[in-house]
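The block underneath contains the structure these notes are about, expressed in structure tokens.
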2 protein chains.
Amino acid sequence: MAVYTDISEDDLKHFLEQYDVGELTSYKGIAEGVENTNFLLHTTKDPLILTLYEKRVEKSDLPFFLGLKQHLFANGLSCPLPLPRHDGELLGELSQRPAALISFLEGMWLRKPEAKHCREVGKALAAMHLAGEGFELKRPNALSVEGWKVLWDKSEARADEVEAGLQQEIRADIDFLAANWPKDLPAGVIHADLFQDNVFFLGDELSGLIDFYFACNDLLAYDVSICLNAWCFEKDGSYNVTKGKALLEGYQSVRPMSGAELDALPLLARGSALRFFLTRLYDWLTTPEGALVVKKDPLEYLGKLRFHRSIENYAEYGLVGR
Amino acid sequence: MAVYTDISEDDLKHFLEQYDVGELTSYKGIAEGVENTNFLLHTTKDPLILTLYEKRVEKSDLPFFLGLKQHLFANGLSCPLPLPRHDGELLGELSQRPAALISFLEGMWLRKPEAKHCREVGKALAAMHLAGEGFELKRPNALSVEGWKVLWDKSEARADEVEAGLQQEIRADIDFLAANWPKDLPAGVIHADLFQDNVFFLGDELSGLIDFYFACNDLLAYDVSICLNAWCFEKDGSYNVTKGKALLEGYQSVRPMSGAELDALPLLARGSALRFFLTRLYDWLTTPEGALVVKKDPLEYLGKLRFHRSIENYAEYGLVGR
């Protein structure tokens, strides 16, 4: 939610000369993207997004992220499309940072999604999984089981500051999940961060997916479990079975999950709840005093983790029968 | 540079129903405006700015600010135009804040203005002064001589922290300016904050003025002196006489200044340098440790203040003859 880097009109003009776009008529820094600086450009043709990649993004990952959007778009998914320069490159440089010009996707993210929207999200996630087939670049998921251990090593000693007994509880979860994590389920390119602010709607119609900067190769059903966590709980922490049912049915209508995937869902959901709990816990413990405005966040995902730990059968998520 | 308040898509939809605008297709918080939260809206018709007025703006001032823009626009000035609701009101409410919908002005502010741009700024400032004639609402300038005394009382005791001897030096300035401040010069509506980021250009052509949230009734030549300070000094603190000449000639070509106005210019410029020095000094002294990123700012205006103190005749600003 910040503009880290300003750009001068001269530098921007030179940058844009490398592309086939209309005349620039305005550019505004927008409050989107935690990792990068984004400008919304108006031109005499179409609006565009200009992204400057700040230090938190690995430069070596950029060909994966930009190429993936191009691949998904070419395979029919509605998502922002990186524009090629005259020389064919997707990546340039501006204000000493790697920079890309990307098509602007109209639509709004929903602050208060309903079950019908969850159904659309499920469908779009499945469509993304299918559209990702054949993409040749690979990026391992740095935030899967091995990554959790690294994060946990940095936080474990102080975990009981958040809640007494947490150190023991989370250690047991990590051990259990590491020992039982499925290996033979269908894998492919996953979004890995499909929260509300990354799904745009026009009215009740889903207009596209954005922000592929956590995308990686992993189990497809794991991505479904991330969406269950992100979309199907209410603010009071309760699981909304109507939303869960809609999301899963939407997904299945485009890409039916196998029996093994469905059976693994409670374990995967427990894992994805742990993943967001761990990153939020780490941020919570390392954010300086005085800036502690997100203190509730790790607890939100702790609640979800405990919920999934109690699930015995995927049917409890609202999905009836195979 | 912040988005203080988020809005839900439902609240925004209801808000927009009160206006005659196209269908909403996107809204993004933009990093502009220090006092308010601004969203850039795309619709099936024209882009728009939605402003939520935060606590730093006096609600009782809003009719002046919004009415002024309407008046200036109606009198031919290019500036953002507040849109009336179906009931004729310019002000509504959204997310518990006063809110207005305002036309979007294409253009970019210049990070590196040249003399030719300063000439256009001078012309536009004069055009604004003429267009402001006949506007019926009044707003006194809270940041003129009396306001400086209030600010100074809060900072004086600690002024020597910034530079030794400053307490005595600034006290003498305030006393001198209070005793000699002109009273009989032409007055009207002034912008009072026409810095680079409030003037938009398309190429070398000035496309409009924005941000009238410091506008008030005061001496017109005082507004000119603010622009001299904001536009005609280089980053190293030196006065650029070519830019000063261009700005003043541009202004004079639209609204010739009287001899009395010209003679008062050094004093007025000293006053406007003091005004920005004092607000920056106050912010500098009251901004918490650790957030001290603007430490240089009061010194920038101290340098300008000293420069104007040394001016004996307005001709030194670059303007030849009367």
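Residues are named by chain letter and number: chains run A, B, ... in the order of the structure tokens, numbers start at 1 in each chain, and ligands are numbered from 1 in the order shown.
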
With only C-alpha atoms counted and 6 Å as the cut-off, give the residues of chain B in contact with chain A, each with its shortest interatomic distance in Å and the pair that gives it, as a Markdown table.
| residue | atom | partner | partner_atom | distance |
| --- | --- | --- | --- | --- |
| B:Ser8 | CA | A:Arg111 | CA | 5.5 |
| B:Thr25 | CA | A:Gly107 | CA | 5.2 |
| B:Ser26 | CA | A:Gly107 | CA | 4.8 |
| B:Gly29 | CA | A:Ala31 | CA | 5.3 |
| B:Ile30 | CA | A:Ile30 | CA | 4.3 |
| B:Ala31 | CA | A:Gly29 | CA | 5.3 |
| B:Glu106 | CA | A:Ser26 | CA | 5.5 |
| B:Gly107 | CA | A:Ser26 | CA | 4.8 |
| B:Met108 | CA | A:Ser26 | CA | 5.3 |
| B:Arg111 | CA | A:Ser8 | CA | 5.5 |

Would you write out, as a tab-separated table, a table of all residues in region 116-212 of chain B that have an atom no more than 10 Å from an atom of region 275-286 of chain B, listing for each the closest atom pair and the distance in Å to one decimal, considering only C-alpha atoms and ordering rows by chain and rising residue number?
residue	atom	partner	partner_atom	distance
B:Leu143	CA	B:Arg275	CA	6.8
B:Ser144	CA	B:Arg275	CA	7.3
B:Val145	CA	B:Arg275	CA	8.5
B:Gly147	CA	B:Arg275	CA	8.7
B:Trp148	CA	B:Arg275	CA	6.5
B:Lys149	CA	B:Leu278	CA	9.4
B:Val150	CA	B:Leu278	CA	9.9
B:Leu151	CA	B:Leu278	CA	6.5
B:Trp152	CA	B:Leu278	CA	6.8
B:Lys154	CA	B:Tyr282	CA	7.4
B:Ser155	CA	B:Tyr282	CA	6.0
B:Glu156	CA	B:Tyr282	CA	9.4
B:Arg158	CA	B:Leu285	CA	7.8
B:Ala159	CA	B:Leu281	CA	8.0
B:Glu161	CA	B:Leu285	CA	9.0
B:Val162	CA	B:Leu281	CA	8.4
B:Ile170	CA	B:Leu278	CA	9.4
B:Asp193	CA	B:Phe276	CA	9.8

Could the residues in this selection be saved with N, CA and C atoms as a CSV table (one decimal), in the first residue's frame?
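Generated file (selection-v4.csv):
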chain,number,residue,atom,x,y,z
B,143,LEU,N,-2.8,31.5,7.5
B,143,LEU,CA,-1.4,31.5,7.5
B,143,LEU,C,-0.7,32.7,7.0
B,144,SER,N,-1.3,33.9,7.4
B,144,SER,CA,-0.7,35.2,7.2
B,144,SER,C,-0.1,35.7,8.5
B,145,VAL,N,0.2,37.0,8.6
B,145,VAL,CA,1.0,37.5,9.7
B,145,VAL,C,0.5,37.0,11.1
B,147,GLY,N,-1.2,34.4,11.9
B,147,GLY,CA,-1.0,32.9,11.9
B,147,GLY,C,0.5,32.6,12.2
B,148,TRP,N,1.4,33.4,11.6
B,148,TRP,CA,2.8,33.1,11.8
B,148,TRP,C,3.2,33.3,13.3
B,149,LYS,N,2.6,34.3,13.9
B,149,LYS,CA,2.9,34.5,15.3
B,149,LYS,C,2.5,33.3,16.2
B,150,VAL,N,1.3,32.7,15.8
B,150,VAL,CA,0.8,31.6,16.6
B,150,VAL,C,1.8,30.4,16.4
B,151,LEU,N,2.2,30.2,15.1
B,151,LEU,CA,3.1,29.1,14.8
B,151,LEU,C,4.5,29.3,15.6
B,152,TRP,N,4.9,30.5,15.5
B,152,TRP,CA,6.2,30.9,16.1
B,152,TRP,C,6.2,30.7,17.6
B,154,LYS,N,4.8,28.5,19.2
B,154,LYS,CA,4.9,27.1,19.5
B,154,LYS,C,6.3,26.5,19.2
B,155,SER,N,7.1,27.3,18.4
B,155,SER,CA,8.4,26.7,18.0
B,155,SER,C,9.6,27.5,18.5
B,156,GLU,N,9.3,28.8,18.9
B,156,GLU,CA,10.4,29.7,19.2
B,156,GLU,C,11.5,29.1,20.2
B,158,ARG,N,12.5,26.3,20.8
B,158,ARG,CA,13.4,25.2,20.3
B,158,ARG,C,14.0,25.6,19.0
B,159,ALA,N,13.9,26.8,18.5
B,159,ALA,CA,14.3,27.1,17.2
B,159,ALA,C,15.8,27.0,17.0
B,161,GLU,N,17.6,24.8,18.1
B,161,GLU,CA,18.0,23.4,17.8
B,161,GLU,C,18.3,23.2,16.3
B,162,VAL,N,17.6,24.0,15.5
B,162,VAL,CA,17.8,23.8,14.1
B,162,VAL,C,19.1,24.5,13.6
B,170,ILE,N,14.6,35.0,13.5
B,170,ILE,CA,13.2,34.9,13.1
B,170,ILE,C,12.3,35.9,13.8
B,193,ASP,N,-0.9,27.9,-2.5
B,193,ASP,CA,-0.1,26.7,-2.4
B,193,ASP,C,0.3,26.1,-3.8

Looking only at the backbone, which of the residues in region 183-282 of chain B does DSSP tag as alpha helix (DSSP H), as a ChimeraX atom specification?
/B:220-231,241-254,259-282

Could you list, as an MDAnalysis selection string, every residue within 10 Å of region 120-130 of chain A, counting only C-alpha atoms and ignoring same-chain residues fewer than 5 positions away?
chainID A and resid 72:73 75:79 115 187:191 194:196 199:201 204:209 220:221 223:224 227:228 231 244:257

Quick one: write out the picked residues with N, CA and C atoms as a compact mmCIF listing (two decimals), in the first residue's frame?
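Okay, again_25.txt is ready:
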# COMPACT_ATOMS: atom_id res chain seq x y z
N LEU A 72 -0.92 -17.32 -19.38
CA LEU A 72 -2.31 -17.47 -18.91
C LEU A 72 -3.25 -16.69 -19.81
N PHE A 73 -2.85 -15.46 -20.15
CA PHE A 73 -3.68 -14.61 -21.02
C PHE A 73 -3.88 -15.28 -22.38
N ASN A 75 -3.89 -18.28 -23.00
CA ASN A 75 -4.74 -19.46 -22.85
C ASN A 75 -6.12 -19.12 -22.31
N GLY A 76 -6.51 -17.86 -22.47
CA GLY A 76 -7.90 -17.49 -22.23
C GLY A 76 -8.24 -16.99 -20.85
N LEU A 77 -7.26 -16.90 -19.94
CA LEU A 77 -7.57 -16.37 -18.62
C LEU A 77 -7.58 -14.84 -18.67
N SER A 78 -8.55 -14.23 -18.00
CA SER A 78 -8.55 -12.77 -17.91
C SER A 78 -7.61 -12.35 -16.79
N CYS A 79 -6.49 -11.74 -17.18
CA CYS A 79 -5.49 -11.26 -16.21
C CYS A 79 -4.69 -10.14 -16.87
N ALA A 115 -21.70 -15.76 -1.26
CA ALA A 115 -21.48 -17.12 -1.75
C ALA A 115 -21.39 -17.16 -3.28
N ALA A 187 -0.22 -31.60 -9.80
CA ALA A 187 0.49 -30.35 -9.55
C ALA A 187 0.52 -29.49 -10.80
N GLY A 188 0.86 -28.22 -10.63
CA GLY A 188 0.94 -27.30 -11.76
C GLY A 188 1.24 -25.92 -11.24
N VAL A 189 0.91 -24.91 -12.04
CA VAL A 189 1.13 -23.54 -11.59
C VAL A 189 -0.03 -23.12 -10.70
N ILE A 190 0.29 -22.66 -9.49
CA ILE A 190 -0.77 -22.17 -8.60
C ILE A 190 -0.58 -20.67 -8.34
N HIS A 191 -1.68 -19.99 -8.00
CA HIS A 191 -1.62 -18.55 -7.71
C HIS A 191 -1.00 -18.32 -6.35
N LEU A 194 -4.57 -16.03 -3.64
CA LEU A 194 -5.80 -15.52 -4.26
C LEU A 194 -6.78 -15.00 -3.20
N PHE A 195 -6.38 -13.94 -2.54
CA PHE A 195 -7.23 -13.25 -1.56
C PHE A 195 -8.18 -12.29 -2.28
N GLN A 196 -9.10 -11.71 -1.51
CA GLN A 196 -10.13 -10.83 -2.09
C GLN A 196 -9.55 -9.74 -2.99
N VAL A 199 -8.88 -10.47 -6.83
CA VAL A 199 -9.94 -10.94 -7.74
C VAL A 199 -10.85 -9.75 -8.04
N PHE A 200 -10.98 -9.41 -9.31
CA PHE A 200 -11.79 -8.25 -9.69
C PHE A 200 -13.15 -8.69 -10.21
N PHE A 201 -14.15 -7.90 -9.88
CA PHE A 201 -15.51 -8.13 -10.34
C PHE A 201 -16.06 -6.87 -11.00
N ASP A 204 -21.63 -8.60 -10.47
CA ASP A 204 -21.41 -9.92 -9.88
C ASP A 204 -20.54 -10.81 -10.76
N GLU A 205 -20.07 -10.24 -11.85
CA GLU A 205 -19.28 -11.04 -12.78
C GLU A 205 -17.79 -10.86 -12.53
N LEU A 206 -17.09 -11.98 -12.43
CA LEU A 206 -15.66 -11.92 -12.20
C LEU A 206 -14.96 -11.43 -13.47
N SER A 207 -14.17 -10.34 -13.34
CA SER A 207 -13.55 -9.77 -14.54
C SER A 207 -12.08 -10.18 -14.69
N GLY A 208 -11.48 -10.73 -13.64
CA GLY A 208 -10.11 -11.20 -13.82
C GLY A 208 -9.36 -11.40 -12.52
N LEU A 209 -8.20 -12.02 -12.63
CA LEU A 209 -7.31 -12.26 -11.48
C LEU A 209 -6.06 -11.41 -11.65
N LEU A 220 -2.22 -28.48 -7.01
CA LEU A 220 -3.36 -27.64 -7.37
C LEU A 220 -4.37 -27.55 -6.22
N ALA A 221 -4.60 -28.66 -5.55
CA ALA A 221 -5.59 -28.67 -4.46
C ALA A 221 -5.14 -27.80 -3.29
N ASP A 223 -3.83 -24.88 -3.65
CA ASP A 223 -4.34 -23.55 -4.04
C ASP A 223 -5.82 -23.42 -3.67
N VAL A 224 -6.57 -24.52 -3.88
CA VAL A 224 -7.99 -24.51 -3.50
C VAL A 224 -8.12 -24.28 -1.99
N CYS A 227 -7.78 -20.71 -1.00
CA CYS A 227 -9.02 -19.95 -1.25
C CYS A 227 -10.09 -20.24 -0.21
N LEU A 228 -10.16 -21.48 0.24
CA LEU A 228 -11.12 -21.80 1.32
C LEU A 228 -10.83 -20.92 2.53
N TRP A 231 -11.54 -16.99 1.57
CA TRP A 231 -12.87 -16.54 1.13
C TRP A 231 -14.04 -17.05 1.98
N GLY A 244 -18.20 -22.10 1.31
CA GLY A 244 -17.29 -23.19 1.02
C GLY A 244 -17.84 -24.11 -0.06
N LYS A 245 -19.12 -24.45 0.09
CA LYS A 245 -19.80 -25.31 -0.88
C LYS A 245 -19.76 -24.65 -2.27
N ALA A 246 -20.08 -23.36 -2.31
CA ALA A 246 -20.11 -22.63 -3.59
C ALA A 246 -18.72 -22.61 -4.23
N LEU A 247 -17.71 -22.33 -3.44
CA LEU A 247 -16.35 -22.24 -3.98
C LEU A 247 -15.90 -23.59 -4.54
N LEU A 248 -16.15 -24.65 -3.75
CA LEU A 248 -15.71 -25.98 -4.19
C LEU A 248 -16.51 -26.47 -5.40
N GLU A 249 -17.82 -26.22 -5.39
CA GLU A 249 -18.63 -26.62 -6.54
C GLU A 249 -18.23 -25.85 -7.80
N GLY A 250 -17.94 -24.55 -7.62
CA GLY A 250 -17.49 -23.75 -8.75
C GLY A 250 -16.20 -24.32 -9.33
N TYR A 251 -15.28 -24.65 -8.45
CA TYR A 251 -14.01 -25.23 -8.91
C TYR A 251 -14.23 -26.54 -9.66
N GLN A 252 -15.02 -27.42 -9.03
CA GLN A 252 -15.26 -28.74 -9.61
C GLN A 252 -15.95 -28.68 -10.97
N SER A 253 -16.76 -27.63 -11.16
CA SER A 253 -17.51 -27.53 -12.43
C SER A 253 -16.55 -27.26 -13.58
N VAL A 254 -15.36 -26.76 -13.31
CA VAL A 254 -14.40 -26.48 -14.37
C VAL A 254 -13.29 -27.53 -14.39
N ARG A 255 -12.83 -27.92 -13.20
CA ARG A 255 -11.80 -28.96 -13.11
C ARG A 255 -12.15 -29.87 -11.93
N PRO A 256 -12.79 -31.00 -12.21
CA PRO A 256 -13.17 -31.92 -11.13
C PRO A 256 -11.94 -32.42 -10.39
N MET A 257 -12.00 -32.40 -9.06
CA MET A 257 -10.88 -32.91 -8.27
C MET A 257 -11.00 -34.42 -8.14

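Computed from the coordinates, the CA of Gly318 (chain B) to CA of Asn240 (chain B) distance equals 9.0 Å.
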